[in-house]
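For reference, the structure discussed in these notes is given below.
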Amino acid sequence: EFYAHHGVSEEEREVGHRYLVDLNVYGDFRAAGRSDRLEDTVSYSQLARMVVEAGSSERFALLERLAESLAERILRSDPRIDEVELVVGKLHPPAKVVVQRASVVIRRSQSDYGLQK
């Protein structure tokens, strides 16, 4: 979860909102399963820091663009990650009805960004 200034309206970008990201990475992690060593896998704490840093340092109008940017950054960060699935949500978005969260879900692979092994 992080606070950032994304949105279509100037007011949204000025005031900012809380965002929540759920992240799943897919790849061949058998080496880590056998060794039980962090060096043999992808560090979820590093991925979480990357998501928070990227999500709060850039500005986008749409959740879809934010999600796309995060997916590409994650896939470029480690060749062991074959695919990524992200749920990117804006908590309590401005709307004429009470909405807990507005979210987009995307799934991207290395090939989507020309990163095939």
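Scheme for the structure tokens: letters A, B, ... for chains in order shown; per-chain residue numbers from 1; ligand numbers from 1 in order shown.
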
Exercise for the section: Name the residues in contact with His5 of chain A at a cut-off of 8 Å, using only C-alpha atoms, excluding same-chain residues fewer than 2 positions from it; report them as a VMD selection string. Expected result: chain A and resid 3 7 12 to 17 56 59 to 60

Next, the residues of the selection above should be written as a compact mmCIF listing (two decimals), in the first residue's frame with all heavy atoms.
# COMPACT_ATOMS: atom_id res chain seq x y z
N TYR A 3 0.83 5.85 -0.90
CA TYR A 3 0.09 7.07 -1.20
C TYR A 3 0.72 7.69 -2.44
O TYR A 3 1.95 7.80 -2.53
CB TYR A 3 0.18 8.04 -0.02
CG TYR A 3 -0.84 9.15 -0.09
CD1 TYR A 3 -2.13 8.96 0.40
CD2 TYR A 3 -0.52 10.37 -0.66
CE1 TYR A 3 -3.07 9.98 0.34
CE2 TYR A 3 -1.46 11.39 -0.72
CZ TYR A 3 -2.72 11.18 -0.23
OH TYR A 3 -3.65 12.18 -0.30
N GLY A 7 -4.40 10.18 -11.24
CA GLY A 7 -5.81 10.48 -11.45
C GLY A 7 -6.03 11.29 -12.70
O GLY A 7 -5.11 11.88 -13.25
N GLU A 12 -7.66 15.21 -8.15
CA GLU A 12 -7.14 13.89 -7.75
C GLU A 12 -5.62 13.90 -7.70
O GLU A 12 -5.02 13.35 -6.79
CB GLU A 12 -7.57 12.81 -8.75
CG GLU A 12 -8.95 12.28 -8.57
CD GLU A 12 -9.20 11.14 -9.54
OE1 GLU A 12 -9.36 11.40 -10.75
OE2 GLU A 12 -9.23 9.99 -9.07
N ARG A 13 -5.01 14.49 -8.71
CA ARG A 13 -3.54 14.52 -8.77
C ARG A 13 -2.96 15.40 -7.68
O ARG A 13 -1.88 15.15 -7.18
CB ARG A 13 -3.09 14.98 -10.15
CG ARG A 13 -3.33 13.93 -11.23
CD ARG A 13 -2.69 14.30 -12.55
NE ARG A 13 -3.11 15.59 -13.07
CZ ARG A 13 -4.19 15.80 -13.83
NH1 ARG A 13 -4.98 14.79 -14.15
NH2 ARG A 13 -4.48 17.01 -14.26
N GLU A 14 -3.69 16.44 -7.31
CA GLU A 14 -3.20 17.34 -6.27
C GLU A 14 -3.34 16.74 -4.87
O GLU A 14 -2.41 16.76 -4.08
CB GLU A 14 -3.95 18.68 -6.34
CG GLU A 14 -3.37 19.74 -5.43
CD GLU A 14 -4.07 21.07 -5.61
OE1 GLU A 14 -4.26 21.48 -6.77
OE2 GLU A 14 -4.43 21.68 -4.58
N VAL A 15 -4.52 16.20 -4.58
CA VAL A 15 -4.80 15.67 -3.24
C VAL A 15 -4.14 14.31 -3.03
O VAL A 15 -3.59 14.04 -1.97
CB VAL A 15 -6.34 15.55 -3.03
CG1 VAL A 15 -6.66 14.84 -1.72
CG2 VAL A 15 -6.97 16.93 -3.05
N GLY A 16 -4.19 13.43 -4.03
CA GLY A 16 -3.62 12.10 -3.91
C GLY A 16 -4.57 11.11 -3.26
O GLY A 16 -5.63 11.50 -2.74
N HIS A 17 -4.20 9.85 -3.34
CA HIS A 17 -5.00 8.76 -2.78
C HIS A 17 -4.09 7.63 -2.30
O HIS A 17 -2.92 7.57 -2.65
CB HIS A 17 -5.94 8.18 -3.85
CG HIS A 17 -7.09 9.05 -4.15
ND1 HIS A 17 -7.05 10.04 -5.09
CD2 HIS A 17 -8.33 9.08 -3.64
CE1 HIS A 17 -8.20 10.65 -5.14
NE2 HIS A 17 -9.01 10.09 -4.27
N SER A 56 4.82 5.60 -6.38
CA SER A 56 4.68 6.91 -5.74
C SER A 56 5.58 7.99 -6.35
O SER A 56 5.44 9.15 -6.02
CB SER A 56 4.95 6.79 -4.23
OG SER A 56 6.24 6.27 -3.99
N ARG A 59 3.63 9.80 -12.09
CA ARG A 59 2.21 10.17 -12.07
C ARG A 59 1.54 9.74 -13.35
O ARG A 59 2.06 9.98 -14.44
CB ARG A 59 2.03 11.67 -11.88
CG ARG A 59 2.41 12.14 -10.49
CD ARG A 59 2.05 13.59 -10.30
NE ARG A 59 2.42 14.00 -8.96
CZ ARG A 59 1.93 15.05 -8.36
NH1 ARG A 59 1.04 15.81 -8.97
NH2 ARG A 59 2.30 15.37 -7.15
N PHE A 60 0.38 9.11 -13.20
CA PHE A 60 -0.39 8.65 -14.35
C PHE A 60 -1.85 9.05 -14.17
O PHE A 60 -2.33 9.17 -13.04
CB PHE A 60 -0.31 7.13 -14.50
CG PHE A 60 1.10 6.62 -14.65
CD1 PHE A 60 1.71 5.92 -13.63
CD2 PHE A 60 1.81 6.85 -15.82
CE1 PHE A 60 3.00 5.45 -13.76
CE2 PHE A 60 3.11 6.39 -15.97
CZ PHE A 60 3.71 5.68 -14.93

Practice task
Would you kindly return, as a ChimeraX atom specification, each protein, DNA or RNA residue with an atom no farther than 10 Å from any atom of segment 97-108 of chain A, considering only C-alpha atoms and excluding same-chain residues fewer than 6 positions away?
Solution key: /A:18-25,62-68,71-72,75,82-91

With N, CA, C and O atoms kept, could you save the residues just selected as an mmCIF file, in the first residue's frame?
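What follows is the written file result09.cif:
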data_model
loop_
_atom_site.group_PDB
_atom_site.id
_atom_site.type_symbol
_atom_site.label_atom_id
_atom_site.label_comp_id
_atom_site.auth_asym_id
_atom_site.auth_seq_id
_atom_site.Cartn_x
_atom_site.Cartn_y
_atom_site.Cartn_z
ATOM 1 N N ARG A 18 -4.692 6.713 -1.568
ATOM 2 C CA ARG A 18 -4.003 5.480 -1.187
ATOM 3 C C ARG A 18 -4.257 4.439 -2.270
ATOM 4 O O ARG A 18 -5.354 4.324 -2.793
ATOM 5 N N TYR A 19 -3.214 3.681 -2.573
ATOM 6 C CA TYR A 19 -3.274 2.620 -3.581
ATOM 7 C C TYR A 19 -2.844 1.314 -2.935
ATOM 8 O O TYR A 19 -1.972 1.302 -2.058
ATOM 9 N N LEU A 20 -3.454 0.245 -3.401
ATOM 10 C CA LEU A 20 -3.145 -1.088 -2.905
ATOM 11 C C LEU A 20 -2.785 -1.956 -4.097
ATOM 12 O O LEU A 20 -3.507 -1.963 -5.104
ATOM 13 N N VAL A 21 -1.666 -2.671 -4.006
ATOM 14 C CA VAL A 21 -1.221 -3.542 -5.090
ATOM 15 C C VAL A 21 -1.069 -4.960 -4.558
ATOM 16 O O VAL A 21 -0.393 -5.190 -3.561
ATOM 17 N N ASP A 22 -1.724 -5.893 -5.240
ATOM 18 C CA ASP A 22 -1.509 -7.324 -5.015
ATOM 19 C C ASP A 22 -0.668 -7.812 -6.170
ATOM 20 O O ASP A 22 -0.962 -7.505 -7.336
ATOM 21 N N LEU A 23 0.370 -8.576 -5.865
ATOM 22 C CA LEU A 23 1.342 -8.977 -6.873
ATOM 23 C C LEU A 23 1.586 -10.475 -6.816
ATOM 24 O O LEU A 23 1.841 -11.020 -5.731
ATOM 25 N N ASN A 24 1.487 -11.130 -7.965
ATOM 26 C CA ASN A 24 1.872 -12.532 -8.109
ATOM 27 C C ASN A 24 2.913 -12.614 -9.203
ATOM 28 O O ASN A 24 2.740 -12.018 -10.266
ATOM 29 N N VAL A 25 3.998 -13.335 -8.932
ATOM 30 C CA VAL A 25 5.009 -13.564 -9.959
ATOM 31 C C VAL A 25 5.041 -15.054 -10.273
ATOM 32 O O VAL A 25 4.843 -15.894 -9.391
ATOM 33 N N LEU A 62 -4.415 7.097 -15.443
ATOM 34 C CA LEU A 62 -5.223 5.885 -15.325
ATOM 35 C C LEU A 62 -4.555 4.784 -14.514
ATOM 36 O O LEU A 62 -3.326 4.620 -14.577
ATOM 37 N N LEU A 63 -5.372 4.015 -13.813
ATOM 38 C CA LEU A 63 -4.885 2.834 -13.104
ATOM 39 C C LEU A 63 -4.246 1.853 -14.078
ATOM 40 O O LEU A 63 -3.256 1.189 -13.754
ATOM 41 N N GLU A 64 -4.808 1.757 -15.278
ATOM 42 C CA GLU A 64 -4.285 0.840 -16.285
ATOM 43 C C GLU A 64 -2.838 1.175 -16.637
ATOM 44 O O GLU A 64 -2.004 0.277 -16.791
ATOM 45 N N ARG A 65 -2.531 2.446 -16.750
ATOM 46 C CA ARG A 65 -1.160 2.859 -17.078
ATOM 47 C C ARG A 65 -0.217 2.608 -15.913
ATOM 48 O O ARG A 65 0.922 2.183 -16.097
ATOM 49 N N LEU A 66 -0.690 2.870 -14.706
ATOM 50 C CA LEU A 66 0.107 2.576 -13.522
ATOM 51 C C LEU A 66 0.420 1.086 -13.464
ATOM 52 O O LEU A 66 1.572 0.690 -13.253
ATOM 53 N N ALA A 67 -0.580 0.247 -13.670
ATOM 54 C CA ALA A 67 -0.387 -1.204 -13.634
ATOM 55 C C ALA A 67 0.598 -1.652 -14.714
ATOM 56 O O ALA A 67 1.481 -2.488 -14.462
ATOM 57 N N GLU A 68 0.456 -1.106 -15.904
ATOM 58 C CA GLU A 68 1.348 -1.468 -17.019
ATOM 59 C C GLU A 68 2.789 -1.095 -16.695
ATOM 60 O O GLU A 68 3.720 -1.868 -16.939
ATOM 61 N N ALA A 71 4.135 -3.543 -14.087
ATOM 62 C CA ALA A 71 4.374 -4.871 -14.662
ATOM 63 C C ALA A 71 5.681 -4.895 -15.444
ATOM 64 O O ALA A 71 6.496 -5.813 -15.281
ATOM 65 N N GLU A 72 5.886 -3.894 -16.282
ATOM 66 C CA GLU A 72 7.112 -3.864 -17.076
ATOM 67 C C GLU A 72 8.347 -3.748 -16.190
ATOM 68 O O GLU A 72 9.344 -4.440 -16.387
ATOM 69 N N LEU A 75 9.012 -7.160 -14.508
ATOM 70 C CA LEU A 75 9.532 -8.160 -15.445
ATOM 71 C C LEU A 75 10.966 -7.851 -15.861
ATOM 72 O O LEU A 75 11.766 -8.763 -16.059
ATOM 73 N N ASP A 82 8.856 -14.985 -15.229
ATOM 74 C CA ASP A 82 8.306 -15.192 -16.571
ATOM 75 C C ASP A 82 7.038 -14.372 -16.793
ATOM 76 O O ASP A 82 6.811 -13.846 -17.875
ATOM 77 N N GLU A 83 6.211 -14.302 -15.756
ATOM 78 C CA GLU A 83 4.938 -13.582 -15.839
ATOM 79 C C GLU A 83 4.670 -12.875 -14.526
ATOM 80 O O GLU A 83 5.153 -13.290 -13.470
ATOM 81 N N VAL A 84 3.858 -11.831 -14.608
ATOM 82 C CA VAL A 84 3.439 -11.099 -13.421
ATOM 83 C C VAL A 84 1.941 -10.829 -13.527
ATOM 84 O O VAL A 84 1.430 -10.572 -14.616
ATOM 85 N N GLU A 85 1.270 -10.927 -12.416
ATOM 86 C CA GLU A 85 -0.144 -10.568 -12.335
ATOM 87 C C GLU A 85 -0.276 -9.507 -11.256
ATOM 88 O O GLU A 85 0.224 -9.686 -10.144
ATOM 89 N N LEU A 86 -0.919 -8.412 -11.607
ATOM 90 C CA LEU A 86 -1.084 -7.291 -10.687
ATOM 91 C C LEU A 86 -2.551 -6.916 -10.550
ATOM 92 O O LEU A 86 -3.279 -6.862 -11.541
ATOM 93 N N VAL A 87 -2.947 -6.673 -9.319
ATOM 94 C CA VAL A 87 -4.230 -6.037 -9.032
ATOM 95 C C VAL A 87 -3.858 -4.680 -8.446
ATOM 96 O O VAL A 87 -3.230 -4.607 -7.390
ATOM 97 N N VAL A 88 -4.188 -3.616 -9.156
ATOM 98 C CA VAL A 88 -3.851 -2.266 -8.719
ATOM 99 C C VAL A 88 -5.155 -1.551 -8.415
ATOM 100 O O VAL A 88 -6.010 -1.406 -9.286
ATOM 101 N N GLY A 89 -5.287 -1.122 -7.166
ATOM 102 C CA GLY A 89 -6.531 -0.492 -6.758
ATOM 103 C C GLY A 89 -6.332 0.856 -6.097
ATOM 104 O O GLY A 89 -5.365 1.077 -5.371
ATOM 105 N N LYS A 90 -7.267 1.755 -6.371
ATOM 106 C CA LYS A 90 -7.320 3.064 -5.699
ATOM 107 C C LYS A 90 -8.354 2.923 -4.592
ATOM 108 O O LYS A 90 -9.512 2.596 -4.846
ATOM 109 N N LEU A 91 -7.929 3.157 -3.356
ATOM 110 C CA LEU A 91 -8.821 3.013 -2.216
ATOM 111 C C LEU A 91 -9.695 4.258 -2.060
ATOM 112 O O LEU A 91 -9.199 5.381 -2.136
#

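Coordinates place atom CA of Arg80 of chain A at a distance of 10.9 Å from atom CA of Gln116 of chain A.
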
Completion exercise
Using only C-alpha atoms, the best pick from A:His92, A:Arg73, A:His6, A:Arg30 as closest to Ala48 of chain A would be A:Arg73

Handout entry: Residue among A:Ser35, A:Gln110, A:Ser43, A:Ser9 lying closest to Ile81 of chain A, counting only C-alpha atoms
Key =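 Among the listed residues, the smallest separation from Ile81 of chain A belongs to A:Gln110.
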
Among the residues of chain A, find those DSSP assigns to alpha helix (DSSP H) from the backbone and print them as a tab-separated table (two decimals) with N, CA, C and O atoms, in the first residue's frame.
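Written file, states-v4.tsv:
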chain	number	residue	atom	x	y	z
A	10	GLU	N	-7.43	17.17	-12.06
A	10	GLU	CA	-6.37	17.93	-11.40
A	10	GLU	C	-6.47	17.77	-9.88
A	10	GLU	O	-5.46	17.65	-9.19
A	11	GLU	N	-7.70	17.77	-9.37
A	11	GLU	CA	-7.92	17.63	-7.93
A	11	GLU	C	-7.38	16.29	-7.42
A	11	GLU	O	-6.73	16.23	-6.39
A	12	GLU	N	-7.66	15.21	-8.15
A	12	GLU	CA	-7.14	13.89	-7.75
A	12	GLU	C	-5.62	13.90	-7.70
A	12	GLU	O	-5.02	13.35	-6.79
A	13	ARG	N	-5.01	14.49	-8.71
A	13	ARG	CA	-3.54	14.52	-8.77
A	13	ARG	C	-2.96	15.40	-7.68
A	13	ARG	O	-1.88	15.15	-7.18
A	14	GLU	N	-3.69	16.44	-7.31
A	14	GLU	CA	-3.20	17.34	-6.27
A	14	GLU	C	-3.34	16.74	-4.87
A	14	GLU	O	-2.41	16.76	-4.08
A	15	VAL	N	-4.52	16.20	-4.58
A	15	VAL	CA	-4.80	15.67	-3.24
A	15	VAL	C	-4.14	14.31	-3.03
A	15	VAL	O	-3.59	14.04	-1.97
A	30	ARG	N	12.25	-23.65	-8.84
A	30	ARG	CA	12.65	-24.95	-8.26
A	30	ARG	C	13.97	-24.87	-7.52
A	30	ARG	O	14.13	-25.54	-6.49
A	31	ALA	N	14.92	-24.07	-8.02
A	31	ALA	CA	16.22	-23.97	-7.35
A	31	ALA	C	16.04	-23.50	-5.90
A	31	ALA	O	16.63	-24.06	-4.97
A	32	ALA	N	15.21	-22.51	-5.70
A	32	ALA	CA	14.96	-22.01	-4.34
A	32	ALA	C	14.21	-23.04	-3.51
A	32	ALA	O	14.46	-23.17	-2.30
A	33	GLY	N	13.31	-23.77	-4.15
A	33	GLY	CA	12.58	-24.81	-3.45
A	33	GLY	C	13.50	-25.91	-2.94
A	33	GLY	O	13.25	-26.51	-1.88
A	34	ARG	N	14.57	-26.16	-3.66
A	34	ARG	CA	15.54	-27.18	-3.24
A	34	ARG	C	16.55	-26.63	-2.23
A	34	ARG	O	16.90	-27.30	-1.27
A	35	SER	N	17.03	-25.40	-2.47
A	35	SER	CA	18.13	-24.87	-1.66
A	35	SER	C	17.69	-24.14	-0.40
A	35	SER	O	18.45	-24.06	0.56
A	44	TYR	N	10.70	-10.93	-2.43
A	44	TYR	CA	9.43	-10.20	-2.44
A	44	TYR	C	9.55	-8.86	-1.72
A	44	TYR	O	8.83	-7.92	-2.04
A	45	SER	N	10.49	-8.73	-0.78
A	45	SER	CA	10.66	-7.42	-0.14
A	45	SER	C	11.25	-6.41	-1.13
A	45	SER	O	10.86	-5.24	-1.13
A	46	GLN	N	12.15	-6.85	-2.01
A	46	GLN	CA	12.68	-5.95	-3.04
A	46	GLN	C	11.60	-5.57	-4.04
A	46	GLN	O	11.52	-4.43	-4.47
A	47	LEU	N	10.75	-6.54	-4.40
A	47	LEU	CA	9.65	-6.24	-5.32
A	47	LEU	C	8.68	-5.25	-4.69
A	47	LEU	O	8.22	-4.32	-5.36
A	48	ALA	N	8.38	-5.43	-3.42
A	48	ALA	CA	7.46	-4.52	-2.73
A	48	ALA	C	8.03	-3.10	-2.69
A	48	ALA	O	7.32	-2.13	-2.96
A	49	ARG	N	9.32	-2.98	-2.39
A	49	ARG	CA	9.95	-1.66	-2.39
A	49	ARG	C	9.91	-1.03	-3.78
A	49	ARG	O	9.67	0.17	-3.93
A	50	MET	N	10.14	-1.85	-4.80
A	50	MET	CA	10.11	-1.37	-6.18
A	50	MET	C	8.72	-0.84	-6.52
A	50	MET	O	8.58	0.23	-7.13
A	51	VAL	N	7.68	-1.57	-6.15
A	51	VAL	CA	6.30	-1.17	-6.44
A	51	VAL	C	5.98	0.15	-5.74
A	51	VAL	O	5.43	1.07	-6.35
A	52	VAL	N	6.34	0.27	-4.48
A	52	VAL	CA	6.06	1.49	-3.73
A	52	VAL	C	6.82	2.67	-4.32
A	52	VAL	O	6.25	3.75	-4.54
A	53	GLU	N	8.10	2.47	-4.62
A	53	GLU	CA	8.91	3.56	-5.17
A	53	GLU	C	8.38	4.01	-6.53
A	53	GLU	O	8.18	5.20	-6.77
A	54	ALA	N	8.16	3.04	-7.42
A	54	ALA	CA	7.67	3.38	-8.76
A	54	ALA	C	6.27	3.95	-8.70
A	54	ALA	O	5.95	4.91	-9.41
A	55	GLY	N	5.42	3.38	-7.88
A	55	GLY	CA	4.03	3.82	-7.80
A	55	GLY	C	3.87	5.20	-7.21
A	55	GLY	O	2.92	5.91	-7.51
A	56	SER	N	4.82	5.60	-6.38
A	56	SER	CA	4.68	6.91	-5.74
A	56	SER	C	5.58	7.99	-6.35
A	56	SER	O	5.44	9.15	-6.02
A	57	SER	N	6.47	7.62	-7.26
A	57	SER	CA	7.37	8.62	-7.83
A	57	SER	C	6.90	9.14	-9.20
A	57	SER	O	7.22	10.27	-9.56
A	63	LEU	N	-5.37	4.01	-13.81
A	63	LEU	CA	-4.88	2.83	-13.10
A	63	LEU	C	-4.25	1.85	-14.08
A	63	LEU	O	-3.26	1.19	-13.75
A	64	GLU	N	-4.81	1.76	-15.28
A	64	GLU	CA	-4.29	0.84	-16.28
A	64	GLU	C	-2.84	1.17	-16.64
A	64	GLU	O	-2.00	0.28	-16.79
A	65	ARG	N	-2.53	2.45	-16.75
A	65	ARG	CA	-1.16	2.86	-17.08
A	65	ARG	C	-0.22	2.61	-15.91
A	65	ARG	O	0.92	2.18	-16.10
A	66	LEU	N	-0.69	2.87	-14.71
A	66	LEU	CA	0.11	2.58	-13.52
A	66	LEU	C	0.42	1.09	-13.46
A	66	LEU	O	1.57	0.69	-13.25
A	67	ALA	N	-0.58	0.25	-13.67
A	67	ALA	CA	-0.39	-1.20	-13.63
A	67	ALA	C	0.60	-1.65	-14.71
A	67	ALA	O	1.48	-2.49	-14.46
A	68	GLU	N	0.46	-1.11	-15.90
A	68	GLU	CA	1.35	-1.47	-17.02
A	68	GLU	C	2.79	-1.10	-16.70
A	68	GLU	O	3.72	-1.87	-16.94
A	69	SER	N	2.98	0.08	-16.15
A	69	SER	CA	4.32	0.54	-15.78
A	69	SER	C	4.93	-0.38	-14.72
A	69	SER	O	6.11	-0.75	-14.82
A	70	LEU	N	4.16	-0.74	-13.72
A	70	LEU	CA	4.65	-1.63	-12.68
A	70	LEU	C	5.00	-3.01	-13.23
A	70	LEU	O	6.04	-3.58	-12.90
A	71	ALA	N	4.13	-3.54	-14.09
A	71	ALA	CA	4.37	-4.87	-14.66
A	71	ALA	C	5.68	-4.89	-15.44
A	71	ALA	O	6.50	-5.81	-15.28
A	72	GLU	N	5.89	-3.89	-16.28
A	72	GLU	CA	7.11	-3.86	-17.08
A	72	GLU	C	8.35	-3.75	-16.19
A	72	GLU	O	9.34	-4.44	-16.39
A	73	ARG	N	8.27	-2.90	-15.20
A	73	ARG	CA	9.41	-2.72	-14.29
A	73	ARG	C	9.74	-4.02	-13.56
A	73	ARG	O	10.91	-4.39	-13.42
A	74	ILE	N	8.73	-4.71	-13.10
A	74	ILE	CA	8.94	-5.98	-12.38
A	74	ILE	C	9.55	-7.03	-13.30
A	74	ILE	O	10.51	-7.72	-12.94
A	75	LEU	N	9.01	-7.16	-14.51
A	75	LEU	CA	9.53	-8.16	-15.45
A	75	LEU	C	10.97	-7.85	-15.86
A	75	LEU	O	11.77	-8.76	-16.06
A	76	ARG	N	11.32	-6.59	-15.96
A	76	ARG	CA	12.69	-6.21	-16.33
A	76	ARG	C	13.66	-6.39	-15.15
A	76	ARG	O	14.87	-6.46	-15.35
A	77	SER	N	13.14	-6.48	-13.95
A	77	SER	CA	14.00	-6.53	-12.76
A	77	SER	C	14.69	-7.87	-12.56
A	77	SER	O	15.75	-7.92	-11.94

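Atom CA of Asp78 of chain A to atom CA of Tyr26 of chain A spans 11.4 Å [interatomic distance, one decimal].
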
Problem - Between atom CA of Gly27 of chain A and atom CA of Glu39 of chain A - distance in Å to one decimal - result: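 Going from atom CA of Glu39 of chain A over to atom CA of Gly27 of chain A, I get 14.9 Å.
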